[in-house]
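What follows is the content of input.cif (mmCIF, C-alpha atoms).
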data_input
#
loop_
_atom_site.label_atom_id
_atom_site.label_comp_id
_atom_site.auth_asym_id
_atom_site.auth_seq_id
_atom_site.Cartn_x
_atom_site.Cartn_y
_atom_site.Cartn_z
CA MET A 253 108.20 231.36 215.76
CA ASP A 254 107.55 233.50 212.71
CA ASN A 255 110.26 235.37 210.88
CA PHE A 256 112.90 233.07 212.40
CA THR A 257 115.33 231.82 209.73
CA PRO A 258 118.04 229.73 211.39
CA VAL A 259 119.39 227.98 208.28
CA SER A 260 119.99 231.10 206.20
CA ALA A 261 121.36 232.76 209.35
CA LEU A 262 123.94 229.98 209.82
CA ILE A 263 124.89 230.07 206.13
CA GLY A 264 125.09 233.87 206.07
CA GLY A 265 127.07 233.82 209.30
CA ALA A 266 129.52 231.29 207.83
CA ILE A 267 129.99 233.59 204.80
CA ILE A 268 130.78 236.47 207.17
CA GLY A 269 133.27 234.18 208.93
CA LEU A 270 134.77 233.35 205.53
CA SER A 271 135.18 237.07 204.89
CA ALA A 272 137.09 237.40 208.17
CA ALA A 273 139.20 234.38 207.14
CA VAL A 274 140.08 235.89 203.75
CA LEU A 275 141.05 239.19 205.36
CA TRP A 276 143.20 237.59 208.10
CA LEU A 277 144.88 234.79 206.11
CA GLY A 278 145.08 236.96 202.97
CA ILE A 279 146.34 240.28 204.27
CA GLY A 280 146.66 239.89 208.04
CA ARG A 281 143.96 242.38 208.95
CA VAL A 282 140.96 241.95 211.27
CA ALA A 283 137.51 242.30 209.70
CA GLY A 284 136.17 244.88 212.10
CA ILE A 285 133.93 247.30 210.29
CA SER A 286 134.10 250.21 212.74
CA GLY A 287 137.91 250.07 212.75
CA ILE A 288 138.16 249.81 208.97
CA VAL A 289 135.97 252.91 208.58
CA GLY A 290 137.13 254.78 211.68
CA ASN A 291 140.80 254.64 210.71
CA LEU A 292 140.20 255.71 207.10
CA TRP A 293 141.27 259.30 207.62
CA THR A 294 144.41 258.50 209.59
CA ALA A 295 145.60 255.53 207.56
CA ARG A 296 148.89 255.78 205.71
CA MET A 297 148.62 255.22 201.97
CA ALA A 298 149.63 251.58 202.32
CA GLU A 299 146.82 251.02 204.81
CA LEU A 300 144.22 253.02 202.90
CA GLY A 301 143.81 250.93 199.77
CA TRP A 302 142.60 247.71 201.36
CA ARG A 303 140.15 249.59 203.58
CA VAL A 304 138.58 251.36 200.60
CA ALA A 305 138.48 248.11 198.59
CA PHE A 306 136.79 246.26 201.46
CA LEU A 307 134.16 248.99 201.87
CA ILE A 308 133.44 249.10 198.14
CA GLY A 309 132.84 245.34 198.26
CA LEU A 310 130.64 245.66 201.35
CA VAL A 311 128.39 248.33 199.78
CA ALA A 312 128.31 246.64 196.36
CA ALA A 313 127.55 243.13 197.63
CA PRO A 314 123.79 243.47 198.31
CA LEU A 315 123.34 245.26 194.97
CA LEU A 316 125.17 242.52 193.06
CA TRP A 317 123.25 239.88 195.04
CA ARG A 318 119.97 241.52 194.02
CA LEU A 319 121.15 241.88 190.41
CA ALA A 320 121.94 238.15 190.34
CA GLY A 321 118.37 237.43 191.42
CA GLY A 322 119.13 236.50 195.02
CA PRO A 323 116.30 236.83 197.52
CA MET A 324 116.43 240.25 199.18
CA PRO A 325 115.41 240.70 202.81
CA GLU A 326 113.29 243.66 203.77
CA VAL A 327 114.98 246.66 205.37
CA THR A 328 112.52 248.01 207.94
CA LEU A 329 113.52 251.18 209.76
CA SER A 330 110.63 252.76 211.58
CA ALA A 331 112.51 255.21 213.84
CA SER A 332 112.20 258.98 213.42
CA PRO A 333 115.06 260.88 211.68
CA LEU A 334 116.07 262.44 215.00
CA LEU A 335 116.37 259.03 216.64
CA VAL A 336 118.28 257.64 213.65
CA ALA A 337 120.76 260.54 213.80
CA ALA A 338 121.21 260.13 217.57
CA SER A 339 121.70 256.39 217.13
CA GLY A 340 124.35 256.93 214.43
CA LEU A 341 126.26 259.39 216.61
CA LEU A 342 126.27 256.99 219.58
CA VAL A 343 127.37 254.06 217.40
CA GLY A 344 130.16 256.18 215.85
CA ILE A 345 131.53 257.45 219.17
CA GLY A 346 130.95 254.22 221.10
CA THR A 347 132.64 251.90 218.62
CA ARG A 348 135.74 254.11 218.48
CA LEU A 349 135.90 254.46 222.25
CA GLY A 350 135.33 250.74 222.80
CA GLY A 351 137.67 249.76 219.95
CA GLY A 352 135.20 247.65 217.98
CA CYS A 353 131.68 246.65 217.08
CA THR A 354 129.65 243.54 216.35
CA SER A 355 132.15 242.30 213.75
CA GLY A 356 135.50 243.17 215.32
CA HIS A 357 134.62 242.25 218.90
CA GLY A 358 131.58 240.03 218.30
CA ILE A 359 132.83 237.76 215.52
CA CYS A 360 136.62 238.15 215.17
CA GLY A 361 137.40 238.92 218.81
CA ILE A 362 135.40 236.00 220.18
CA ALA A 363 136.93 233.75 217.47
CA ARG A 364 140.37 234.81 218.76
CA LEU A 365 139.18 234.13 222.35
CA SER A 366 140.09 237.71 223.26
CA LYS A 367 138.93 238.46 226.81
CA ARG A 368 138.51 242.14 225.91
CA SER A 369 136.22 241.27 223.03
CA ILE A 370 134.14 238.81 225.03
CA VAL A 371 133.61 241.46 227.73
CA ALA A 372 132.89 244.15 225.10
CA THR A 373 130.33 241.95 223.31
CA ALA A 374 128.53 241.07 226.54
CA THR A 375 128.52 244.77 227.46
CA PHE A 376 127.15 246.18 224.20
CA MET A 377 124.56 243.42 223.94
CA GLY A 378 123.46 244.07 227.52
CA SER A 379 123.31 247.81 226.91
CA ALA A 380 121.29 247.33 223.71
CA VAL A 381 118.86 244.92 225.42
CA VAL A 382 118.25 247.49 228.19
CA VAL A 383 117.64 250.29 225.65
CA VAL A 384 115.22 248.14 223.63
CA PHE A 385 113.40 247.10 226.81
CA VAL A 386 112.99 250.69 227.97
CA ALA A 387 111.98 251.93 224.50
CA ARG A 388 109.46 249.18 223.84
CA HIS A 389 108.11 248.13 227.21
CA VAL A 390 108.59 251.10 229.53
CA ILE A 391 108.15 254.19 227.31
CA GLY A 392 106.39 252.53 224.40
CA GLY A 393 104.45 250.01 226.49
CA MET B 1122 147.36 244.64 193.98
CA ARG B 1123 146.74 241.20 195.50
CA THR B 1124 146.08 242.96 198.81
CA ILE B 1125 143.41 245.11 197.20
CA ILE B 1126 141.75 242.13 195.48
CA ALA B 1127 141.73 240.08 198.68
CA ALA B 1128 140.15 242.98 200.58
CA LEU B 1129 137.56 243.50 197.85
CA ILE B 1130 136.63 239.80 197.96
CA ALA B 1131 136.41 239.95 201.77
CA GLY B 1132 134.13 243.00 201.56
CA LEU B 1133 131.89 241.30 199.00
CA LEU B 1134 131.65 238.17 201.16
CA PHE B 1135 130.83 240.23 204.22
CA GLY B 1136 128.02 242.05 202.40
CA VAL B 1137 126.60 238.84 200.93
CA GLY B 1138 126.74 237.20 204.36
CA LEU B 1139 124.80 240.09 205.92
CA THR B 1140 122.22 239.90 203.12
CA VAL B 1141 121.76 236.10 203.19
CA SER B 1142 121.48 236.11 206.98
CA ARG B 1143 119.04 239.11 206.76
CA MET B 1144 121.13 241.12 209.19
CA ILE B 1145 120.75 244.15 206.90
CA ASP B 1146 117.22 244.43 208.32
CA PRO B 1147 117.35 246.47 211.56
CA ALA B 1148 113.90 245.20 212.56
CA LEU B 1149 115.24 241.65 212.75
CA VAL B 1150 118.15 242.81 214.93
CA LEU B 1151 115.76 244.65 217.28
CA ALA B 1152 113.66 241.48 217.50
CA PHE B 1153 116.78 239.68 218.81
CA LEU B 1154 117.47 242.42 221.36
CA ASP B 1155 113.85 242.49 222.55
CA LEU B 1156 113.99 239.71 225.14
CA ALA B 1157 110.66 240.72 226.69
CA GLY B 1158 108.82 240.83 223.36
CA LYS B 1159 108.47 238.31 220.54
CA TRP B 1160 112.09 237.23 220.80
CA ASN B 1161 113.74 236.23 217.53
CA PRO B 1162 117.08 234.37 217.92
CA THR B 1163 118.20 234.73 214.27
CA LEU B 1164 121.19 236.95 215.16
CA ALA B 1165 122.55 234.30 217.53
CA PHE B 1166 122.61 231.82 214.64
CA VAL B 1167 124.56 234.30 212.50
CA MET B 1168 127.23 234.51 215.20
CA ALA B 1169 127.16 230.72 215.65
CA GLY B 1170 127.79 230.36 211.91
CA GLY B 1171 130.50 233.01 211.71
CA ILE B 1172 132.64 232.51 214.81
CA PRO B 1173 133.83 228.91 214.11
CA VAL B 1174 134.84 229.76 210.53
CA ALA B 1175 136.76 232.84 211.68
CA ALA B 1176 138.29 230.85 214.56
CA LEU B 1177 139.56 228.21 212.12
CA ALA B 1178 141.28 230.94 210.10
CA PHE B 1179 142.95 232.39 213.20
CA VAL B 1180 144.19 228.91 214.21
CA LEU B 1181 145.48 228.14 210.69
CA ALA B 1182 147.26 231.50 210.59
CA ARG B 1183 149.36 230.57 213.63
CA ARG B 1184 151.37 228.20 211.39
CA ARG B 1185 152.38 231.06 209.12
CA HIS B 1186 154.83 233.92 209.63
CA THR B 1187 153.13 236.15 207.09
CA PRO B 1188 149.70 236.32 205.45
CA LEU B 1189 149.36 235.11 201.85
CA CYS B 1190 149.31 238.56 200.21
CA ALA B 1191 150.84 240.98 202.72
CA ALA B 1192 153.96 241.49 204.82
CA ASP B 1193 152.60 241.10 208.34
CA PHE B 1194 149.74 240.11 210.61
CA ALA B 1195 148.39 243.21 212.36
CA ALA B 1196 147.14 241.45 215.49
CA PRO B 1197 145.21 243.62 217.92
CA ALA B 1198 147.44 244.05 220.99
CA ALA B 1199 146.18 242.26 224.07
CA GLY B 1200 145.05 245.28 226.07
CA LYS B 1201 143.40 245.45 229.44
CA ILE B 1202 139.72 245.44 230.19
CA ASP B 1203 139.47 249.08 231.16
CA ARG B 1204 136.90 251.81 231.61
CA ARG B 1205 137.32 252.94 228.03
CA LEU B 1206 136.36 249.50 226.67
CA ILE B 1207 133.31 249.29 228.93
CA ALA B 1208 132.14 252.89 228.42
CA GLY B 1209 132.54 252.63 224.65
CA SER B 1210 130.63 249.36 224.54
CA VAL B 1211 127.80 250.77 226.67
CA VAL B 1212 127.50 253.81 224.35
CA PHE B 1213 127.68 251.66 221.23
CA GLY B 1214 125.05 249.27 222.59
CA ALA B 1215 122.73 252.16 223.43
CA GLY B 1216 122.94 253.45 219.85
CA TRP B 1217 122.53 249.93 218.46
CA GLY B 1218 119.41 249.38 220.56
CA LEU B 1219 117.78 252.64 219.46
CA VAL B 1220 117.48 251.68 215.79
CA GLY B 1221 118.95 248.20 215.29
CA TYR B 1222 121.86 249.29 213.13
CA CYS B 1223 125.52 248.54 213.78
CA PRO B 1224 128.26 249.67 211.35
CA GLY B 1225 128.36 246.63 209.01
CA PRO B 1226 124.66 246.31 208.13
CA ALA B 1227 124.27 250.08 207.85
CA LEU B 1228 127.13 250.35 205.33
CA ALA B 1229 125.93 247.29 203.43
CA GLY B 1230 122.48 248.89 203.16
CA LEU B 1231 123.80 252.21 201.81
CA GLY B 1232 122.96 251.44 198.19
CA LEU B 1233 119.47 250.05 198.78
CA GLY B 1234 117.68 253.37 198.49
CA ASN B 1235 116.62 253.99 202.11
CA SER B 1236 117.28 257.60 203.14
CA MET B 1237 117.28 256.62 206.84
CA THR B 1238 120.23 254.31 206.19
CA VAL B 1239 122.13 257.21 204.60
CA LEU B 1240 121.27 259.43 207.58
CA PHE B 1241 122.50 256.75 210.00
CA VAL B 1242 125.83 256.30 208.17
CA ALA B 1243 126.38 260.08 207.93
CA SER B 1244 125.70 260.44 211.68
CA MET B 1245 127.97 257.49 212.47
CA LEU B 1246 130.83 259.05 210.47
CA LEU B 1247 130.21 262.35 212.26
CA GLY B 1248 130.40 260.49 215.59
CA MET B 1249 133.70 258.88 214.59
CA LEU B 1250 135.11 262.28 213.57
CA ALA B 1251 133.82 263.87 216.78
CA PHE B 1252 135.65 261.14 218.71
CA ARG B 1253 138.87 262.04 216.89
CA ALA B 1254 138.38 265.71 217.69
CA VAL B 1255 138.41 265.12 221.45
CA PRO B 1256 141.97 264.08 222.38
CA ALA B 1257 140.98 263.36 226.00
CA LEU B 1258 139.10 260.30 224.76
CA HIS B 1259 142.18 258.81 223.12
CA GLN B 1260 144.41 258.29 226.14
CA PRO B 1261 145.75 256.00 227.24
CA SER B 1262 146.65 254.18 224.07
CA VAL B 1263 144.45 251.14 223.97
CA ALA B 1264 144.47 248.20 221.66
CA THR B 1265 142.04 248.59 218.81
CA GLN B 1266 140.04 245.60 217.79
CA GLU B 1267 139.31 247.20 214.43
#
Please express the file's structure as structure tokens.
Amino acid sequence: MDNFTPVSALIGGAIIGLSAAVLWLGIGRVAGISGIVGNLWTARMAELGWRVAFLIGLVAAPLLWRLAGGPMPEVTLSASPLLVAASGLLVGIGTRLGGGCTSGHGICGIARLSKRSIVATATFMGSAVVVVFVARHVIGG
Amino acid sequence: MRTIIAALIAGLLFGVGLTVSRMIDPALVLAFLDLAGKWNPTLAFVMAGGIPVAALAFVLARRRHTPLCAADFAAPAAGKIDRRLIAGSVVFGAGWGLVGYCPGPALAGLGLGNSMTVLFVASMLLGMLAFRAVPALHQPSVATQE
């Protein structure tokens, strides 16, 4: 199988898990990206600082990684601007409505054995698989 | 200040983890979601690497009354599995499947010079604001997983 990189995926995944560990053991907050961003504009001052700091770290990390000479993966986005905008809107609304995304439900929620998160993860993965199938094999096929 | 530093370190780790695992590449994510195509299981290995480490932290935290650098644990309330959770997850999954971006990788990719990534993040923020603007979507109060 080409382009399959299980070792770096496990290591990268463990680093993401470590991030969730630092955030929970350090400051008692769940590392869910959509919640951290989505609650930015309603957060009280005391809740704002850590969110901004986390996001600065998240955006800066790949740049620092590249600066340090780390191997950079490609970023391939072949969709049209209209599709990208529609996708962003759906992800924004859906993650707020469903209370989480791949990190909050998929990593942290499953790690906490939350039934809600397990159901949410199965649901958004199923929904995404259907959309990819239709786009690639029904419309695009 | 220790709260801010801990959050900054967590954000840096998250971004490095997404880069090392190559999850910042939407094409790789789509290859995982494309079960009928040339399926690529990389994303499953990222979750398999991340969940046990996070789970260990949640178990260790049970022995403590407070986190190391803050006053309280803000645990997501144990809500019900309701229509809102399902509908939101279906909508999120549909958007995820269109392009291959979910919030973390898109934000991590913001500085890498791809205008489509910027467009995605701007649209995502707009979607989050639009959600806030429609009060009917907010009831009943439901636990947020962050």
**Prompt:** Mind pulling up the distance from atom CA of B:Pro1188 to atom CA of A:Ile285?
**Reply:** 19.8 Å
**Item:** Residues in the PyMOL selection byres ((chain A and resi 309-323) around 7), expressed as a ChimeraX atom specification
**Value:** /A:305-308,324-325 /B:1129-1130,1132-1133,1135-1137,1140,1228-1232
**Complete:** With distances taken over only C-alpha atoms, the candidate from A:Leu277, A:Ala387, A:Ile267, A:Thr373 nearest A:Ala331 is A:Ala387
**Request:** Tell me which protein, DNA and RNA residues are within 8 Å of B:Arg1205, counting all atoms listed in the file, leaving out same-chain ones fewer than 3 positions away, and put them as a ChimeraX atom specification.
**Result:** /A:349-350 /B:1208-1209
**Prompt:** Given the choices B:Leu1258, B:Ala1157, B:Met1144, B:Met1249, which gets closest to A:Leu341 if the distance is worked out from only C-alpha atoms?
**Reply:** B:Met1249
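A straight line drawn from atom CA of B:Ala1257 to atom CA of A:Gly358 is 26.3 Å long.
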**Message:** Could you check the closest approach to B:Val1220 for each of A:Pro258, A:Gly290, A:Gly264, A:Gly340 and tell me which residue wins, using only C-alpha atoms?
**Reply:** A:Gly340
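Atom CA of B:Arg1123 to atom CA of B:Gly1171 spans 24.4 Å [interatomic distance, one decimal].
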